[in-house]
>>> print(open('my_file-v5.txt').read())   # compact mmCIF, C-alpha atoms
# COMPACT_ATOMS: atom_id res chain seq x y z
CA MET A 1 119.50 103.46 123.42
CA HIS A 2 116.47 105.47 122.39
CA ASN A 3 114.30 106.83 125.20
CA ASN A 4 115.78 104.20 127.52
CA LYS A 5 114.90 101.40 125.08
CA LYS A 6 117.54 99.03 123.78
CA ILE A 7 117.31 99.02 119.98
CA VAL A 8 118.59 96.05 117.98
CA VAL A 9 118.56 95.99 114.17
CA VAL A 10 118.39 92.73 112.21
CA ILE A 11 119.60 92.74 108.58
CA PRO A 12 119.05 89.65 106.38
CA CYS A 13 121.61 89.51 103.58
CA TYR A 14 121.53 87.77 100.23
CA LYS A 15 123.19 89.20 97.12
CA VAL A 16 123.55 92.71 98.57
CA ALA A 17 127.34 93.02 98.43
CA ASP A 18 127.17 96.40 96.70
CA LYS A 19 124.93 97.95 99.36
CA ILE A 20 125.41 96.22 102.72
CA GLN A 21 128.49 98.10 103.91
CA GLN A 22 126.82 101.46 103.31
CA VAL A 23 123.70 100.29 105.14
CA VAL A 24 125.75 99.36 108.21
CA LYS A 25 127.73 102.62 108.08
CA GLU A 26 124.56 104.73 107.95
CA MET A 27 122.94 103.06 110.95
CA PRO A 28 121.70 105.67 113.48
CA ASP A 29 123.83 106.19 116.59
CA PHE A 30 121.01 105.17 118.94
CA VAL A 31 121.08 101.59 117.62
CA ASP A 32 122.73 99.41 120.28
CA ASP A 33 123.40 96.25 118.26
CA ILE A 34 123.33 95.27 114.59
CA ILE A 35 122.76 91.62 113.70
CA VAL A 36 123.65 90.73 110.12
CA ILE A 37 122.57 87.33 108.84
CA ASP A 38 124.52 86.10 105.81
CA ASP A 39 122.04 83.67 104.28
CA ALA A 40 124.71 81.68 102.42
CA CYS A 41 125.17 84.72 100.20
CA PRO A 42 127.32 83.84 97.16
CA GLN A 43 128.73 87.38 97.27
CA LYS A 44 130.02 86.89 100.83
CA SER A 45 128.02 89.84 102.20
CA GLY A 46 128.81 88.77 105.76
CA GLN A 47 132.55 88.96 105.15
CA LEU A 48 132.17 92.50 103.83
CA VAL A 49 130.39 93.49 107.04
CA LYS A 50 133.09 91.87 109.18
CA ALA A 51 135.71 93.87 107.29
CA LEU A 52 134.15 97.07 108.66
CA ASN A 53 135.18 96.07 112.21
CA THR A 54 132.13 97.80 113.68
CA PRO A 55 132.05 96.97 117.43
CA LYS A 56 128.27 96.84 117.72
CA THR A 57 127.85 94.50 114.70
CA THR A 58 127.50 90.71 114.88
CA VAL A 59 127.52 88.55 111.74
CA LEU A 60 125.68 85.21 111.79
CA LEU A 61 126.16 82.78 108.91
CA HIS A 62 123.75 80.26 107.41
CA GLN A 63 125.61 77.38 105.80
CA LYS A 64 122.68 76.88 103.40
CA ASN A 65 120.37 79.47 101.90
CA GLN A 66 117.07 79.35 103.83
CA GLY A 67 115.25 82.53 102.83
CA VAL A 68 114.57 85.94 104.34
CA GLY A 69 112.08 84.56 106.86
CA ALA A 70 114.55 82.01 108.22
CA SER A 71 117.20 84.73 108.41
CA MET A 72 114.86 86.94 110.41
CA VAL A 73 114.04 84.08 112.78
CA THR A 74 117.76 83.62 113.42
CA GLY A 75 118.14 87.35 114.01
CA PHE A 76 115.02 87.60 116.18
CA LYS A 77 116.18 84.81 118.46
CA TYR A 78 119.59 86.39 118.87
CA ALA A 79 118.02 89.80 119.55
CA LEU A 80 115.92 88.25 122.33
CA GLU A 81 119.12 86.81 123.83
CA LEU A 82 120.56 90.34 123.78
CA GLN A 83 117.52 91.53 125.78
CA ALA A 84 116.47 93.98 123.08
CA ASP A 85 113.46 96.14 123.91
CA ILE A 86 112.68 96.92 120.26
CA ILE A 87 113.81 94.90 117.25
CA VAL A 88 113.91 96.55 113.82
CA LYS A 89 114.18 94.77 110.49
CA VAL A 90 116.22 96.54 107.83
CA ASP A 91 116.91 95.09 104.39
CA GLY A 92 120.47 95.04 103.16
CA ASP A 93 119.71 96.50 99.72
CA GLY A 94 119.71 100.16 100.76
CA GLN A 95 116.02 100.80 100.00
CA MET A 96 115.11 101.88 103.54
CA ASP A 97 115.72 105.39 104.83
CA LEU A 98 117.60 104.77 108.07
CA GLN A 99 117.31 108.41 109.09
CA GLN A 100 113.57 107.76 109.52
CA MET A 101 114.05 104.87 111.96
CA HIS A 102 113.29 107.05 114.97
CA ARG A 103 109.82 107.66 113.49
CA LEU A 104 109.29 103.94 112.95
CA ILE A 105 110.02 103.01 116.56
CA ALA A 106 108.22 106.02 118.09
CA PRO A 107 104.77 104.32 118.20
CA LEU A 108 106.24 101.40 120.18
CA GLU A 109 107.42 103.85 122.82
CA GLU A 110 103.83 104.93 123.32
CA LYS A 111 101.13 102.87 125.00
CA ASN A 112 99.08 100.14 123.31
CA ILE A 113 101.13 99.88 120.09
CA PHE A 114 103.39 96.84 119.83
CA TYR A 115 104.25 96.55 116.14
CA ALA A 116 105.04 99.24 113.59
CA LYS A 117 105.69 99.04 109.89
CA GLY A 118 106.55 101.44 107.15
CA SER A 119 103.95 102.30 104.53
CA ARG A 120 104.57 103.59 101.03
CA PHE A 121 100.84 104.00 100.40
CA MET A 122 100.36 107.02 102.66
CA SER A 123 102.20 109.42 100.37
CA PHE A 124 101.38 110.29 96.76
CA GLU A 125 105.06 111.07 96.21
CA SER A 126 106.10 107.57 97.32
CA LEU A 127 103.41 106.00 95.13
CA GLY A 128 104.67 107.96 92.15
CA ASP A 129 108.22 106.70 92.69
CA MET A 130 107.15 103.06 93.00
CA PRO A 131 107.47 100.89 89.85
CA LYS A 132 103.96 100.26 88.51
CA ILE A 133 104.25 96.45 88.61
CA ARG A 134 105.18 96.66 92.31
CA LEU A 135 102.32 99.07 92.99
CA ILE A 136 99.76 96.71 91.44
CA GLY A 137 101.22 93.61 93.09
CA ASN A 138 101.46 95.21 96.53
CA SER A 139 97.91 96.57 96.29
CA MET A 140 96.51 93.13 95.46
CA LEU A 141 98.55 91.47 98.20
CA SER A 142 97.51 94.08 100.76
CA PHE A 143 93.83 93.56 99.97
CA THR A 144 94.01 89.78 100.43
CA LEU A 145 96.03 90.17 103.64
CA LYS A 146 93.39 92.54 105.06
CA ILE A 147 90.98 89.61 104.94
CA ALA A 148 93.42 86.97 106.14
CA SER A 149 94.87 88.95 109.06
CA GLY A 150 91.83 90.90 110.25
CA TYR A 151 93.76 94.19 109.93
CA TRP A 152 91.16 95.62 107.59
CA PHE A 153 92.67 99.10 107.52
CA ILE A 154 96.24 98.17 106.71
CA ASN A 155 97.72 99.72 103.56
CA ASP A 156 101.13 98.25 102.78
CA VAL A 157 101.53 94.66 103.93
CA ALA A 158 104.63 93.92 101.85
CA ASN A 159 106.76 96.72 103.33
CA GLY A 160 109.68 95.08 105.14
CA TYR A 161 110.68 98.07 107.29
CA ILE A 162 109.22 96.84 110.59
CA ALA A 163 109.73 97.21 114.34
CA ILE A 164 108.39 94.97 117.08
CA ASP A 165 108.73 95.01 120.85
CA ARG A 166 110.25 92.14 122.83
CA GLU A 167 107.09 91.00 124.62
CA THR A 168 105.11 90.78 121.38
CA LEU A 169 107.89 88.92 119.58
CA ALA A 170 108.01 86.40 122.42
CA LYS A 171 104.32 85.58 121.83
CA ILE A 172 104.96 84.45 118.27
CA ASN A 173 106.03 80.90 117.49
CA LEU A 174 109.05 81.83 115.41
CA ASP A 175 109.62 78.26 114.27
CA LYS A 176 106.24 78.39 112.48
CA ILE A 177 106.90 81.64 110.59
CA ALA A 178 107.24 81.36 106.80
CA LYS A 179 110.88 80.92 105.87
CA ARG A 180 110.96 82.84 102.60
CA TYR A 181 109.25 85.86 101.05
CA PHE A 182 105.89 85.25 102.71
CA PHE A 183 107.59 86.24 105.98
CA GLU A 184 106.18 89.80 106.29
CA SER A 185 102.67 88.63 105.38
CA ASP A 186 102.86 85.69 107.77
CA MET A 187 103.94 88.03 110.57
CA ILE A 188 100.82 90.15 109.99
CA ILE A 189 98.58 87.07 110.07
CA GLN A 190 100.22 85.80 113.26
CA LEU A 191 99.84 89.20 114.91
CA GLY A 192 96.20 89.36 113.83
CA THR A 193 95.58 86.01 115.48
CA HIS A 194 96.91 87.46 118.74
CA ARG A 195 94.95 90.72 118.22
CA ILE A 196 98.10 92.84 118.47
CA ASN A 197 97.68 96.60 118.02
CA LEU A 198 99.87 98.02 115.28
CA ALA A 199 100.76 101.28 113.60
CA GLU A 200 101.68 102.21 110.05
CA VAL A 201 104.24 104.96 109.59
CA ALA A 202 104.52 106.87 106.31
CA MET A 203 107.93 105.90 105.03
CA PRO A 204 109.65 106.69 101.71
CA THR A 205 111.46 103.92 99.86
CA ILE A 206 114.68 104.44 97.94
CA TYR A 207 114.46 102.71 94.55
CA GLN A 208 117.81 102.21 92.85
CA ASP A 209 119.19 99.60 90.44
CA GLU A 210 118.81 96.66 92.82
CA LYS A 211 117.58 93.31 91.49
CA SER A 212 115.12 91.25 93.50
CA SER A 213 115.88 87.59 94.23
CA MET A 214 112.14 86.87 94.45
CA ASN A 215 110.77 84.28 92.05
CA LEU A 216 107.51 85.90 90.91
CA LEU A 217 106.13 82.64 89.48
CA SER A 218 106.70 80.89 92.80
CA VAL A 219 105.02 83.77 94.64
CA PHE A 220 102.02 83.69 92.29
CA PHE A 221 101.35 80.02 92.97
CA SER A 222 102.36 79.75 96.64
CA PHE A 223 100.99 82.93 98.24
CA PRO A 224 97.24 82.24 97.67
CA THR A 225 97.47 78.87 99.45
CA LYS A 226 99.34 80.40 102.37
CA ILE A 227 96.86 83.29 102.62
CA ILE A 228 93.83 80.96 102.63
CA LYS A 229 95.47 78.75 105.25
CA GLY A 230 96.22 81.82 107.40
CA LEU A 231 92.64 83.07 107.06
CA MET A 232 91.15 79.72 108.11
CA LYS A 233 93.48 79.51 111.09
CA ARG A 234 92.65 83.04 112.23
CA ILE A 235 88.90 82.60 111.90
CA PHE A 236 88.98 79.30 113.78
CA LEU A 237 91.08 80.66 116.65
CA GLN A 238 89.46 84.08 116.86
CA TYR A 239 85.80 83.07 116.60
CA PHE A 240 85.66 79.48 117.81
CA VAL A 241 88.54 79.06 120.31
CA TYR A 242 89.39 82.42 121.91
CA ASP A 243 85.85 83.77 121.60
CA PHE A 244 82.34 82.95 120.37
CA ASN A 245 80.09 85.80 119.31
CA MET A 246 77.54 86.74 116.66
CA ALA A 247 80.17 86.51 113.92
CA SER A 248 80.61 82.87 114.92
CA VAL A 249 76.86 82.28 114.67
CA TYR A 250 76.66 83.97 111.27
CA LEU A 251 79.58 81.88 109.96
CA LEU A 252 78.08 78.64 111.25
CA SER A 253 74.85 79.53 109.45
CA ALA A 254 76.37 80.94 106.26
CA ILE A 255 78.81 78.18 105.36
CA PRO A 256 76.31 75.27 105.23
CA MET A 257 73.82 77.42 103.31
CA LEU A 258 76.39 78.51 100.73
CA VAL A 259 77.72 74.97 100.31
CA TRP A 260 74.22 73.49 99.96
CA GLY A 261 72.96 76.21 97.62
CA GLY A 262 76.04 76.06 95.44
CA CYS A 263 76.26 72.27 95.21
CA PHE A 264 72.51 71.65 94.80
CA GLY A 265 72.17 74.46 92.27
CA ALA A 266 75.14 73.17 90.23
CA TYR A 267 73.73 69.63 90.33
CA ARG A 268 70.26 70.69 89.12
CA TRP A 269 71.81 72.91 86.47
CA TYR A 270 73.84 69.94 85.21
CA LEU A 271 70.72 67.74 85.10
CA GLY A 272 68.92 70.42 83.15
CA LEU A 273 71.68 70.51 80.54
CA ALA A 274 72.49 66.79 80.37
CA GLU A 275 69.04 65.24 80.70
CA GLY A 276 66.73 68.09 79.83
CA LEU A 277 65.00 68.10 83.24
CA ILE A 278 62.84 71.12 83.99
CA ASN A 279 63.67 72.89 87.24
CA ASN A 280 60.42 74.30 88.59
CA THR A 281 60.19 77.31 90.90
CA GLY A 282 60.39 75.21 94.06
CA ILE A 283 63.60 73.50 92.92
CA VAL A 284 65.15 76.85 91.96
CA MET A 285 64.30 78.35 95.33
CA LEU A 286 65.90 75.40 97.14
CA ALA A 287 69.18 76.55 95.62
CA VAL A 288 68.74 80.31 95.42
CA LEU A 289 67.29 81.02 98.86
CA PRO A 290 70.14 79.37 100.82
CA LEU A 291 72.64 81.24 98.61
CA ILE A 292 70.97 84.59 99.30
CA LEU A 293 70.64 84.01 103.04
CA GLY A 294 74.14 82.53 103.27
CA MET A 295 75.63 85.58 101.53
CA GLN A 296 73.73 87.92 103.85
CA PHE A 297 75.00 86.07 106.92
CA LEU A 298 78.55 86.08 105.52
CA LEU A 299 78.41 89.83 104.95
CA GLN A 300 77.20 90.32 108.53
CA ALA A 301 80.13 88.23 109.80
CA ILE A 302 82.56 90.31 107.72
CA SER A 303 81.02 93.52 109.10
CA ILE A 304 81.59 92.31 112.66
CA ASP A 305 85.13 91.25 111.78
CA ILE A 306 85.89 94.71 110.41
CA SER A 307 84.49 96.40 113.52
CA ASN A 308 86.62 94.06 115.69
CA SER A 309 89.83 94.87 113.85
CA PRO A 310 92.75 95.39 116.26
CA LYS A 311 93.67 98.97 117.08
CA LYS A 312 95.65 100.60 114.33
CA GLN A 313 97.09 104.07 113.93
CA HIS A 314 98.61 106.05 111.09
CA TYR A 315 101.69 108.20 111.55
CA LYS A 316 102.61 110.63 108.78
>>> encode(input="my_file-v5.txt", output="C-alpha cells")
Amino acid sequence: MHNNKKIVVVIPCYKVADKIQQVVKEMPDFVDDIIVIDDACPQKSGQLVKALNTPKTTVLLHQKNQGVGASMVTGFKYALELQADIIVKVDGDGQMDLQQMHRLIAPLEEKNIFYAKGSRFMSFESLGDMPKIRLIGNSMLSFTLKIASGYWFINDVANGYIAIDRETLAKINLDKIAKRYFFESDMIIQLGTHRINLAEVAMPTIYQDEKSSMNLLSVFFSFPTKIIKGLMKRIFLQYFVYDFNMASVYLLSAIPMLVWGGCFGAYRWYLGLAEGLINNTGIVMLAVLPLILGMQFLLQAISIDISNSPKKQHYK
C-alpha cells in the first residue's frame, strides 16, 4: 500500500531472461501485487520469475506471442480483478528506475490527475544518455501524437513507465487497444478522446546492452496509419459527438475549401501542362482563395484544439 492505495505492477515479458529476476527483486516494498505476463517468451522468462517464489508475484502465460499491448491488456484485466487502486506498467528489461516509482504514482494520489507517465525529455542529462536514433525517433513520434491525441504539451509519448488509476482504466475499451508496440501511443489517444488529465514525471532511463524486439520497418509503415486513424476518431468524437463548438464550425468550413482548392487547382494545372490552356486570374483565384481561407480556418481550429487540451502537469 502507498498512502492507502493498493498498488499493482504489471510487467510484460519477452526475451528478458537476463533482467527479469532482478526487476522483480528490486520492486519497492509498497507494491502489493506483481503481475508478470510471459508472452510466449522463448527464454521462459515466466519460469524464471516463478523460481523466485515471491509471494506477491503472479505469472500469467500466453500460449502464443501477442505483443506488449496484448500482454498489458491481460495484466490490466487481472489488476482490476485484484481491485487495484493504481496500476503501474514496468518493462522487464531493467531500463526503468524502480526507486522512482513513488514519484510516478504521486500525481495520481492528488486531485484531478488520473494518468502519469515518465518523461526522458525533461532532463538534459537523460537526453544526453539517450541513443541519438531513439532521440530522433521519439521526438518525431511525440510530435505526431500531440496532434492525434490532443495532448499538445506532451513531451515523451513513447515512454512505457506509466501509472493509471482504476476508474480511468475502466473507461477504456481494453479489447480495442493496439496489441503490439503502438500500445503506449494508443493509450494516449484513447485517453485524449476521454479528455483525461495527465501528468508527466521527469524520469531517468537506464540504458544497458538490451536488444529491442521492435521491428523498425514495421513501425515505420504501420504507425502513420494508426496515428491518422486515431486523429480522425478523436476529432469526430470530440467535436461532432461529445461537443460542437467553433472548432467544429471551422473544420466543417476548412475541409471542403481545402479539398476543392486542391483538386480544382491540380486539375487546372494539369490542363495547362497537357493541353496548353491558359488559366486566367479568375480561374487561379477559384483555386487559391479557397486554399487560403481553408488554411486560415484550419489554423483557427488547431488553435482552439490546443487551448482545449486536457489538463497536464509536469513533475521534476
>>> atom_distance(input="my_file-v5.txt", atom1="CA of Gly192 in chain A", atom2="CA of Tyr151 in chain A")
6.7 Å
>>> atom_distance(input="my_file-v5.txt", atom1="CA of Asp186 in chain A", atom2="CA of Phe30 in chain A")
28.9 Å
>>> atom_distance(input="my_file-v5.txt", atom1="CA of Ile292 in chain A", atom2="CA of Ile278 in chain A")
22.0 Å
>>> residues_near_point(input="my_file-v5.txt", point="(129.7, 99.3, 119.0)", cutoff="12 Å", atoms="only C-alpha atoms", output="ChimeraX atom specification")
/A:1,8,24-25,27-35,52-58
>>> residues_around(input="my_file-v5.txt", residues="Ala70 in chain A", least_positions_apart="2", cutoff="9 Å", atoms="all atoms listed in the file", output="number ranges by chain")
A: 39, 65-68, 72-75, 175, 177-180, 183
>>> residues_around(input="my_file-v5.txt", residues="Lys89 in chain A", least_positions_apart="3", cutoff="6 Å", atoms="only C-alpha atoms", output="MDAnalysis selection string")
chainID A and resid 9:10 161:162
>>> residues_around(input="my_file-v5.txt", residues="Arg195 in chain A", least_positions_apart="5", cutoff="9 Å", atoms="all atoms listed in the file", output="number ranges by chain")
A: 150, 190, 238, 309-311
>>> residues_around(input="my_file-v5.txt", residues="Met187 in chain A", least_positions_apart="2", cutoff="12 Å", atoms="only C-alpha atoms", output="PyMOL selection string")
chain A and resi 69+72-73+115-117+145+148-149+151+157-160+162-164+168-169+171-185+189-194+196+198+227+230
>>> closest_residue(input="my_file-v5.txt", among="A:Val23, A:Ala17, A:Ile136, A:Leu286", to="Phe121 in chain A", atoms="only C-alpha atoms")
A:Ile136
>>> residues_around(input="my_file-v5.txt", residues="Ile86 in chain A", least_positions_apart="2", cutoff="8 Å", atoms="all atoms listed in the file", output="list in words")
Lys5, Lys6, Ile7, Val8, Ala84, Val88, Ile105, Leu108, Ala163, Ile164, Asp165 and Arg166 of chain A
>>> closest_residue(input="my_file-v5.txt", among="A:Arg120, A:Arg103, A:Lys64, A:Lys226", to="Thr144 in chain A", atoms="only C-alpha atoms")
A:Lys226
>>> axis_aligned_box(input="my_file-v5.txt", around="range 272-275 of chain A", padding_each_side="4 Å", output="lines of an AutoDock Vina configuration file")
center_x = 70.7
center_y = 67.9
center_z = 81.8
size_x = 11.6
size_y = 13.3
size_z = 10.8
>>> residues_near_point(input="my_file-v5.txt", point="(116.3, 89.3, 104.2)", cutoff="6 Å", atoms="only C-alpha atoms", output="VMD selection string")
chain A and resid 12 to 13 68 91
>>> closest_residue(input="my_file-v5.txt", among="A:Val249, A:Gln21, A:Phe114, A:Phe297", to="Asp85 in chain A", atoms="all atoms listed in the file")
A:Phe114
>>> closest_residue(input="my_file-v5.txt", among="A:Met96, A:Met232, A:Leu299, A:Leu252", to="Pro204 in chain A", atoms="all atoms listed in the file")
A:Met96
